[in-house]
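With compact mmCIF, C-alpha atoms and all ligand atoms inside, this is entry.txt:
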# COMPACT_ATOMS: atom_id res chain seq x y z
CA MET A 1 -0.17 -32.78 -32.12
CA TYR A 2 -0.10 -30.28 -29.34
CA GLU A 3 -3.35 -28.36 -29.96
CA GLU A 4 -5.10 -30.04 -27.05
CA LYS A 5 -2.47 -28.58 -24.70
CA LEU A 6 -3.10 -25.00 -25.79
CA ILE A 7 -5.22 -22.64 -23.73
CA SER A 8 -6.16 -20.32 -26.56
CA GLY A 9 -6.77 -16.68 -25.71
CA LYS A 10 -8.56 -16.40 -29.03
CA GLU A 11 -11.03 -19.10 -28.05
CA VAL A 12 -11.61 -17.93 -24.46
CA SER A 13 -11.92 -14.26 -25.39
CA ALA A 14 -14.39 -15.10 -28.18
CA VAL A 15 -16.62 -16.93 -25.70
CA LEU A 16 -16.43 -14.03 -23.24
CA LYS A 17 -17.13 -11.48 -25.98
CA VAL A 18 -20.43 -13.21 -26.77
CA GLU A 19 -21.44 -12.91 -23.09
CA ILE A 20 -20.32 -9.28 -22.99
CA SER A 21 -22.26 -8.38 -26.15
CA GLN A 22 -25.38 -9.99 -24.65
CA LYS A 23 -25.00 -7.93 -21.48
CA VAL A 24 -24.50 -4.75 -23.50
CA ALA A 25 -27.71 -5.49 -25.44
CA GLN A 26 -29.59 -6.01 -22.16
CA LEU A 27 -28.23 -2.77 -20.71
CA LYS A 28 -29.12 -0.88 -23.88
CA ALA A 29 -32.66 -2.26 -23.71
CA ARG A 30 -32.86 -0.68 -20.25
CA GLY A 31 -31.58 2.63 -21.61
CA VAL A 32 -27.94 2.33 -20.49
CA HIS A 33 -25.25 2.29 -23.18
CA PRO A 34 -21.87 1.32 -21.66
CA LYS A 35 -19.15 3.84 -22.40
CA LEU A 36 -15.40 3.82 -21.89
CA SER A 37 -13.25 6.95 -22.02
CA VAL A 38 -9.60 6.36 -22.85
CA ILE A 39 -7.01 9.05 -22.13
CA ILE A 40 -3.65 8.91 -23.83
CA VAL A 41 -0.92 11.48 -23.22
CA GLY A 42 1.85 11.77 -25.82
CA GLU A 43 2.61 9.45 -28.70
CA ASN A 44 4.33 6.38 -27.31
CA PRO A 45 4.01 3.98 -30.30
CA ALA A 46 3.22 0.91 -28.16
CA SER A 47 0.57 2.87 -26.24
CA LEU A 48 -1.01 4.09 -29.47
CA THR A 49 -1.26 0.48 -30.68
CA TYR A 50 -2.76 -0.72 -27.37
CA VAL A 51 -5.31 2.10 -27.35
CA LYS A 52 -6.33 1.40 -30.94
CA GLY A 53 -6.95 -2.23 -29.94
CA LYS A 54 -9.10 -1.15 -27.00
CA HIS A 55 -11.36 0.96 -29.24
CA LYS A 56 -11.65 -1.88 -31.75
CA ASP A 57 -12.67 -4.31 -28.98
CA CYS A 58 -15.28 -1.86 -27.65
CA ALA A 59 -16.77 -1.42 -31.13
CA GLU A 60 -16.95 -5.19 -31.56
CA CYS A 61 -19.09 -5.52 -28.41
CA ASN A 62 -21.11 -2.36 -29.07
CA ILE A 63 -19.53 -0.45 -26.16
CA ILE A 64 -19.13 3.28 -26.82
CA SER A 65 -15.53 4.40 -26.52
CA ASP A 66 -14.11 7.86 -26.80
CA ASN A 67 -10.48 8.74 -27.21
CA ILE A 68 -8.99 11.72 -25.41
CA ALA A 69 -5.58 12.23 -27.00
CA LEU A 70 -3.51 14.85 -25.19
CA PRO A 71 -0.12 16.33 -26.13
CA GLU A 72 3.06 15.23 -24.33
CA SER A 73 3.22 18.75 -22.82
CA THR A 74 -0.06 18.31 -20.90
CA THR A 75 0.39 19.27 -17.25
CA GLN A 76 -0.68 17.10 -14.34
CA ALA A 77 -3.23 19.75 -13.32
CA GLU A 78 -4.78 19.72 -16.80
CA LEU A 79 -4.97 15.93 -16.78
CA LEU A 80 -6.54 15.88 -13.31
CA GLU A 81 -9.14 18.39 -14.46
CA ILE A 82 -10.12 16.16 -17.40
CA ILE A 83 -10.43 13.15 -15.08
CA GLU A 84 -12.62 15.14 -12.67
CA LYS A 85 -14.90 16.03 -15.56
CA LEU A 86 -15.18 12.39 -16.64
CA ASN A 87 -15.83 11.38 -13.01
CA ARG A 88 -18.84 13.70 -13.00
CA ASP A 89 -20.12 12.67 -16.44
CA LYS A 90 -22.92 10.15 -15.89
CA SER A 91 -22.72 8.91 -19.50
CA VAL A 92 -19.15 7.66 -18.85
CA HIS A 93 -18.92 4.32 -17.03
CA GLY A 94 -15.24 3.49 -17.38
CA ILE A 95 -12.12 5.68 -17.41
CA LEU A 96 -8.74 4.38 -18.52
CA VAL A 97 -5.53 6.41 -18.45
CA GLN A 98 -3.02 4.67 -20.69
CA LEU A 99 0.34 4.11 -19.01
CA PRO A 100 3.15 5.06 -19.05
CA LEU A 101 2.57 8.78 -18.59
CA PRO A 102 5.23 11.38 -19.44
CA LYS A 103 7.93 11.76 -16.77
CA HIS A 104 6.64 15.13 -15.48
CA ILE A 105 3.31 13.56 -14.45
CA GLU A 106 2.99 11.51 -11.27
CA GLU A 107 1.18 8.32 -12.24
CA TYR A 108 0.02 7.44 -8.74
CA ALA A 109 -1.73 10.82 -8.28
CA VAL A 110 -3.42 10.58 -11.67
CA ILE A 111 -4.62 6.99 -11.28
CA ASN A 112 -6.02 7.71 -7.85
CA ALA A 113 -7.95 10.72 -9.14
CA ILE A 114 -10.16 8.26 -11.07
CA ASP A 115 -13.47 7.53 -9.33
CA PRO A 116 -12.95 3.92 -8.09
CA ALA A 117 -16.43 3.11 -9.46
CA LYS A 118 -15.10 3.96 -12.96
CA ASP A 119 -11.61 2.46 -12.49
CA VAL A 120 -11.95 -0.34 -15.04
CA ASP A 121 -8.17 -1.00 -14.97
CA GLY A 122 -8.44 -1.80 -11.25
CA PHE A 123 -5.36 0.32 -10.52
CA THR A 124 -6.69 2.73 -7.87
CA ALA A 125 -5.68 2.19 -4.25
CA VAL A 126 -9.35 1.58 -3.40
CA ASN A 127 -9.69 -1.26 -5.91
CA VAL A 128 -6.31 -2.75 -5.05
CA GLY A 129 -7.29 -2.67 -1.36
CA ASN A 130 -10.71 -4.18 -1.94
CA MET A 131 -9.22 -6.92 -4.10
CA ASN A 132 -6.70 -7.75 -1.38
CA ILE A 133 -9.39 -8.30 1.23
CA GLY A 134 -11.61 -10.19 -1.20
CA LYS A 135 -14.32 -7.52 -1.53
CA ASP A 136 -16.15 -6.71 -4.74
CA CYS A 137 -13.79 -4.70 -6.95
CA PHE A 138 -12.54 -4.21 -10.48
CA ALA A 139 -9.81 -6.82 -10.73
CA PRO A 140 -6.93 -5.72 -12.95
CA CYS A 141 -7.36 -7.01 -16.49
CA THR A 142 -4.24 -9.13 -17.04
CA PRO A 143 -4.36 -11.04 -13.71
CA GLN A 144 -8.09 -11.67 -14.14
CA GLY A 145 -7.37 -12.84 -17.70
CA CYS A 146 -4.91 -15.43 -16.33
CA MET A 147 -7.62 -16.71 -13.95
CA ASP A 148 -10.20 -16.83 -16.75
CA MET A 149 -7.87 -19.00 -18.83
CA LEU A 150 -7.33 -21.46 -15.97
CA ASP A 151 -11.10 -21.58 -15.37
CA TYR A 152 -11.85 -22.17 -19.03
CA ALA A 153 -9.25 -24.94 -19.24
CA GLY A 154 -10.82 -26.62 -16.20
CA VAL A 155 -7.71 -26.15 -14.06
CA ASP A 156 -8.87 -25.92 -10.43
CA ILE A 157 -6.03 -24.38 -8.40
CA CYS A 158 -7.60 -24.96 -4.97
CA GLY A 159 -4.87 -26.57 -2.83
CA LYS A 160 -2.43 -26.54 -5.76
CA ASP A 161 1.08 -25.06 -5.78
CA VAL A 162 1.12 -21.94 -7.93
CA VAL A 163 4.45 -20.22 -8.57
CA VAL A 164 4.33 -16.67 -9.91
CA ILE A 165 7.51 -15.26 -11.43
CA GLY A 166 7.46 -11.46 -11.28
CA ARG A 167 6.23 -9.05 -8.59
CA SER A 168 4.95 -6.06 -10.55
CA ASN A 169 1.95 -4.11 -9.34
CA ILE A 170 0.18 -4.75 -12.66
CA VAL A 171 0.67 -8.53 -12.90
CA GLY A 172 2.79 -10.45 -10.36
CA LYS A 173 1.33 -9.10 -7.12
CA PRO A 174 -2.35 -9.04 -8.12
CA VAL A 175 -2.31 -12.44 -9.86
CA SER A 176 -0.81 -13.87 -6.67
CA VAL A 177 -3.69 -12.42 -4.67
CA LEU A 178 -6.29 -13.81 -7.08
CA ALA A 179 -4.66 -17.26 -6.94
CA LEU A 180 -4.57 -17.12 -3.14
CA GLN A 181 -8.27 -16.26 -3.10
CA LYS A 182 -8.84 -19.48 -5.03
CA SER A 183 -7.04 -21.27 -2.17
CA ALA A 184 -3.85 -22.03 -4.07
CA THR A 185 -0.54 -22.17 -2.19
CA VAL A 186 1.26 -19.27 -3.81
CA THR A 187 4.99 -18.61 -4.09
CA ILE A 188 6.17 -15.34 -5.62
CA CYS A 189 9.61 -15.38 -7.24
CA HIS A 190 11.50 -12.30 -8.42
CA SER A 191 14.93 -11.01 -9.40
CA LYS A 192 16.34 -11.56 -5.90
CA THR A 193 14.96 -15.09 -5.49
CA LYS A 194 17.88 -17.48 -4.84
CA ASN A 195 16.94 -20.45 -7.00
CA ILE A 196 13.84 -19.91 -9.09
CA ALA A 197 14.04 -23.30 -10.86
CA GLU A 198 13.99 -25.05 -7.47
CA LYS A 199 10.61 -23.42 -6.78
CA THR A 200 9.07 -23.75 -10.23
CA ARG A 201 9.92 -27.48 -10.38
CA LEU A 202 7.50 -28.02 -7.49
CA ALA A 203 4.70 -26.00 -9.11
CA ASP A 204 1.43 -27.37 -10.47
CA VAL A 205 0.93 -24.01 -12.21
CA VAL A 206 3.63 -21.50 -13.22
CA ILE A 207 2.59 -17.95 -14.10
CA VAL A 208 5.50 -16.12 -15.67
CA ALA A 209 5.57 -12.34 -16.07
CA VAL A 210 9.15 -11.13 -16.27
CA GLY A 211 9.47 -9.69 -19.79
CA ARG A 212 12.36 -11.92 -20.90
CA GLU A 213 12.32 -14.22 -23.90
CA LYS A 214 12.70 -17.96 -23.06
CA PHE A 215 13.03 -17.24 -19.33
CA LEU A 216 11.02 -20.34 -18.37
CA THR A 217 12.57 -23.47 -19.84
CA ALA A 218 11.54 -27.14 -19.83
CA ASP A 219 14.07 -28.10 -17.14
CA MET A 220 12.35 -25.64 -14.77
CA VAL A 221 8.93 -27.34 -14.70
CA LYS A 222 7.65 -30.72 -13.64
CA GLU A 223 5.94 -33.10 -16.03
CA GLY A 224 2.29 -32.13 -16.52
CA ALA A 225 2.59 -28.59 -15.14
CA VAL A 226 0.36 -25.79 -16.44
CA VAL A 227 2.12 -22.68 -17.77
CA ILE A 228 0.51 -19.25 -18.09
CA ASP A 229 2.80 -16.97 -20.11
CA VAL A 230 2.16 -13.27 -19.54
CA GLY A 231 5.26 -12.03 -21.37
CA ILE A 232 5.13 -9.97 -24.54
CA ASN A 233 8.62 -9.67 -26.04
CA ARG A 234 10.20 -9.32 -29.47
CA ASN A 235 12.87 -11.89 -30.29
CA SER A 236 16.00 -11.19 -32.35
CA MET A 237 13.94 -11.78 -35.53
CA GLY A 238 11.42 -9.16 -34.43
CA LYS A 239 8.81 -11.84 -33.82
CA LEU A 240 6.38 -11.56 -30.88
CA CYS A 241 7.15 -14.09 -28.14
CA GLY A 242 6.42 -14.70 -24.48
CA ASP A 243 8.58 -15.45 -21.43
CA ALA A 244 8.27 -19.22 -21.83
CA ASP A 245 10.32 -21.39 -24.17
CA PHE A 246 7.17 -22.69 -25.83
CA ASP A 247 8.82 -25.24 -28.14
CA GLY A 248 10.88 -26.69 -25.31
CA LEU A 249 7.97 -26.80 -22.86
CA ILE A 250 5.19 -28.13 -25.06
CA GLY A 251 6.31 -31.76 -24.73
CA LYS A 252 6.40 -31.59 -20.94
CA VAL A 253 3.45 -29.44 -19.83
CA SER A 254 -0.20 -30.48 -19.68
CA LYS A 255 -1.37 -27.02 -20.71
CA ILE A 256 0.25 -23.79 -21.88
CA THR A 257 -0.86 -20.41 -23.20
CA PRO A 258 0.66 -19.27 -26.52
CA VAL A 259 2.12 -15.85 -27.37
CA PRO A 260 0.67 -14.26 -29.42
CA GLY A 261 -2.93 -15.44 -29.03
CA GLY A 262 -2.79 -15.95 -25.27
CA VAL A 263 -3.00 -13.75 -22.19
CA GLY A 264 -2.82 -10.50 -24.20
CA LEU A 265 -6.26 -11.12 -25.67
CA MET A 266 -7.59 -11.87 -22.19
CA THR A 267 -6.31 -8.53 -20.89
CA ARG A 268 -8.27 -6.83 -23.63
CA VAL A 269 -11.49 -8.72 -23.00
CA ASN A 270 -11.35 -8.06 -19.26
CA LEU A 271 -11.36 -4.35 -19.89
CA LEU A 272 -14.69 -4.84 -21.69
CA LYS A 273 -15.98 -7.02 -18.83
CA ASN A 274 -15.08 -4.34 -16.29
CA THR A 275 -16.68 -1.59 -18.38
CA VAL A 276 -19.94 -3.52 -18.59
CA LYS A 277 -19.76 -4.20 -14.84
CA ALA A 278 -19.25 -0.47 -14.21
CA ALA A 279 -22.33 0.30 -16.31
CA GLU A 280 -24.36 -2.33 -14.45
CA ASN A 281 -23.23 -0.94 -11.10
CA ALA A 282 -24.10 2.61 -12.16
CA GLU A 283 -27.62 1.44 -12.94
CA LYS A 284 -28.15 0.15 -9.38
N1 LIG A 301 -0.04 0.16 -20.29
C1 LIG A 301 0.32 -1.13 -20.47
N2 LIG A 301 -0.63 -1.95 -20.01
C2 LIG A 301 -1.61 -1.18 -19.50
C3 LIG A 301 -2.87 -1.43 -18.90
O1 LIG A 301 -3.28 -2.58 -18.68
N3 LIG A 301 -3.60 -0.35 -18.55
C4 LIG A 301 -3.16 0.91 -18.74
N4 LIG A 301 -3.94 1.91 -18.34
N5 LIG A 301 -2.01 1.20 -19.30
C5 LIG A 301 -1.24 0.16 -19.68

Output the file's structure as structure tokens, nothing else.
Ligand code: GUN
Amino acid sequence: MYEEKLISGKEVSAVLKVEISQKVAQLKARGVHPKLSVIIVGENPASLTYVKGKHKDCAECNIISDNIALPESTTQAELLEIIEKLNRDKSVHGILVQLPLPKHIEEYAVINAIDPAKDVDGFTAVNVGNMNIGKDCFAPCTPQGCMDMLDYAGVDICGKDVVVIGRSNIVGKPVSVLALQKSATVTICHSKTKNIAEKTRLADVVIVAVGREKFLTADMVKEGAVVIDVGINRNSMGKLCGDADFDGLIGKVSKITPVPGGVGLMTRVNLLKNTVKAAENAEK
């Protein structure tokens, strides 16, 4: 059976949720009740689902969450005004603006209007910069989730070859930085990389985040490699699947994360971790 090879997001996130709930209880005992404000503009169905999940997670760990649902027609100025108000509100510890935003709103300007001390997504230039130089910061939730899974599985990447496939600002770039900080030798592959398989075959750990079903196949990894699958795709049957050919890889890898039940759950739990951290920082 392959169960011992699985790094289960369900298992890791459950452990972390216990820790988070304990921290929330301690904060509450000191008179601080962690609160996350989520802003969603428009009615993108995927975004609505993600936001619903975020509120459910908060409730589970006794974190207050409020939902600010704005119409598609909201102007950038109106959105910035709401963020400014939340920045000033001492009862709010974390602010999350669900992406994507409607085309008429400039995402970069909106994200950077968030007080970096409340930027629980870790998307502001201040947090990205601090993360890059190894200073205290809010690490973005998905990359940190990948690191948490490796930690939990006892995979020490110090001195190991880590190949990241994908160079997005949300996953590929930041997860590469986090791996580098753990003293891994990091290679970043992307759509213009000449021969990706040549690189991944040398990797001790492959982190794949390209958004393409069965992108990473068994012939692309060495025996005993660890695979972290960040992809969330729908296959032709409408079933949720990752970027890795799980069935092909399972016989060859030493560890692999499933989809569903993998990195996605870790993204969610890291938002809670960051919100609690924001509340703890605000107390100081
Ligand atoms: N849209 C898809 N993923 C994310 C995320 O992690 N944070 C935000 N704010 N929006 C998203």

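Coordinates place atom CA of A:Pro258 at a distance of 18.3 Å from atom CA of A:Ser236.
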
- Item | Given 7 Å and all atoms listed in the file, residues near ligand LIG 301 (chain A) as a list in words | Ser47, Leu96, Val97, Gln98, Leu99, Pro100, Asp121, Cys141 and Thr142 of chain A

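Nearest residue to A:Asp161, choosing from A:Ala203, A:Ile133, A:Met149, A:Val126 and counting only C-alpha atoms: A:Ala203.
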
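The closest residue to A:Leu101, picked from A:Met131, A:Thr75, A:Ala59, A:Val41 and counting only C-alpha atoms, is A:Val41.
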
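Atom to atom, atom CA of A:Ser65 and atom CA of A:Val38 stand 7.2 Å apart.
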
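Shortest separation to A:Ile95 among A:Cys158, A:Val120, A:Ala209, A:Ile40 occurs at residue A:Val120, atoms counted being all atoms listed in the file.
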
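When the distance limit is 8 Å and only C-alpha atoms are what count, the residues near stretch 167-172 of chain A, minus those fewer than 2 positions from it on the same chain, are Phe123, Pro140, Thr142, Pro143, Val164, Ile165, Pro174, Val175, Ser176, Ile188, Cys189, His190 and Ala209 of chain A.
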
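Excluding A:Lys214 and any residue on its chain fewer than 5 positions from it, the residues at most 10 Å away by all atoms listed in the file are Gly231, Asn233, Asn235, Cys241, Gly242, Asp243, Ala244, Asp245, Phe246, Asp247 and Gly248 of chain A.
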
- Neighbours of A:Tyr2 within 10 Å (only C-alpha atoms; same-chain residues fewer than 6 positions away dropped), as a PyMOL selection string? chain A and resi 250-251+254-256

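Pairwise distance (atom CA of A:Glu280, atom CA of A:Gln26) equals 10.0 Å.
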
- Query: Hey, what's within 7 Å of A:Val206 if we count only C-alpha atoms and toss same-chain stuff fewer than 5 positions away? As a list in words, please?
  - Reply: Val162, Val163, Val164, Thr200, Val226, Val227 and Ile228 of chain A

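Comparing the minimum interatomic distances between A:Lys28 and each of A:Ile64, A:Gly53, A:Val263, A:Lys284, counting all atoms listed in the file, we find that A:Ile64 sits nearest.
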
- Message: I'd like the neighbourhood of A:Gln76 as a PyMOL selection string, where a residue qualifies if any of its atoms comes within 12 Å (using all atoms listed in the file), though same-chain residues fewer than 6 positions away should be ignored.
- Response: chain A and resi 41+70+82-83+101-111+113

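Counting all atoms listed in the file, the residue from A:Asn281, A:Asn270, A:Ser73, A:Asn87 that sits nearest to A:Asp57 is A:Asn270.
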
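For the residues A:Leu79, A:Ala46, A:Glu11, A:Leu178, ranking by smallest atom-to-atom distance to A:Met147 using all atoms listed in the file places A:Leu178 first.
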
Up to 10 Å from (-13.7, 2.9, -14.2) in the file's coordinates: name the residues, counting all atoms listed in the file, as a PDB file with C-alpha atoms, keeping the file's coordinate frame.
ATOM      1  CA  LYS A  35     -19.150   3.840 -22.400  1.00  0.00           C
ATOM      2  CA  LEU A  36     -15.400   3.820 -21.890  1.00  0.00           C
ATOM      3  CA  SER A  37     -13.250   6.950 -22.020  1.00  0.00           C
ATOM      4  CA  LEU A  86     -15.180  12.390 -16.640  1.00  0.00           C
ATOM      5  CA  ASN A  87     -15.830  11.380 -13.010  1.00  0.00           C
ATOM      6  CA  VAL A  92     -19.150   7.660 -18.850  1.00  0.00           C
ATOM      7  CA  HIS A  93     -18.920   4.320 -17.030  1.00  0.00           C
ATOM      8  CA  GLY A  94     -15.240   3.490 -17.380  1.00  0.00           C
ATOM      9  CA  ILE A  95     -12.120   5.680 -17.410  1.00  0.00           C
ATOM     10  CA  LEU A  96      -8.740   4.380 -18.520  1.00  0.00           C
ATOM     11  CA  VAL A  97      -5.530   6.410 -18.450  1.00  0.00           C
ATOM     12  CA  ILE A 114     -10.160   8.260 -11.070  1.00  0.00           C
ATOM     13  CA  ASP A 115     -13.470   7.530  -9.330  1.00  0.00           C
ATOM     14  CA  PRO A 116     -12.950   3.920  -8.090  1.00  0.00           C
ATOM     15  CA  ALA A 117     -16.430   3.110  -9.460  1.00  0.00           C
ATOM     16  CA  LYS A 118     -15.100   3.960 -12.960  1.00  0.00           C
ATOM     17  CA  ASP A 119     -11.610   2.460 -12.490  1.00  0.00           C
ATOM     18  CA  VAL A 120     -11.950  -0.340 -15.040  1.00  0.00           C
ATOM     19  CA  ASP A 121      -8.170  -1.000 -14.970  1.00  0.00           C
ATOM     20  CA  GLY A 122      -8.440  -1.800 -11.250  1.00  0.00           C
ATOM     21  CA  PHE A 123      -5.360   0.320 -10.520  1.00  0.00           C
ATOM     22  CA  THR A 124      -6.690   2.730  -7.870  1.00  0.00           C
ATOM     23  CA  PHE A 138     -12.540  -4.210 -10.480  1.00  0.00           C
ATOM     24  CA  LEU A 271     -11.360  -4.350 -19.890  1.00  0.00           C
ATOM     25  CA  ASN A 274     -15.080  -4.340 -16.290  1.00  0.00           C
ATOM     26  CA  THR A 275     -16.680  -1.590 -18.380  1.00  0.00           C
ATOM     27  CA  VAL A 276     -19.940  -3.520 -18.590  1.00  0.00           C
ATOM     28  CA  LYS A 277     -19.760  -4.200 -14.840  1.00  0.00           C
ATOM     29  CA  ALA A 278     -19.250  -0.470 -14.210  1.00  0.00           C
ATOM     30  CA  ALA A 279     -22.330   0.300 -16.310  1.00  0.00           C
TER      31      ALA A 279
END

- Starting from the point (-5.9, -25.4, -11.6), work out which residues of protein, DNA or RNA have an atom no more than 6 Å away when counting only C-alpha atoms; state them as a VMD selection string. chain A and resid 155 to 157
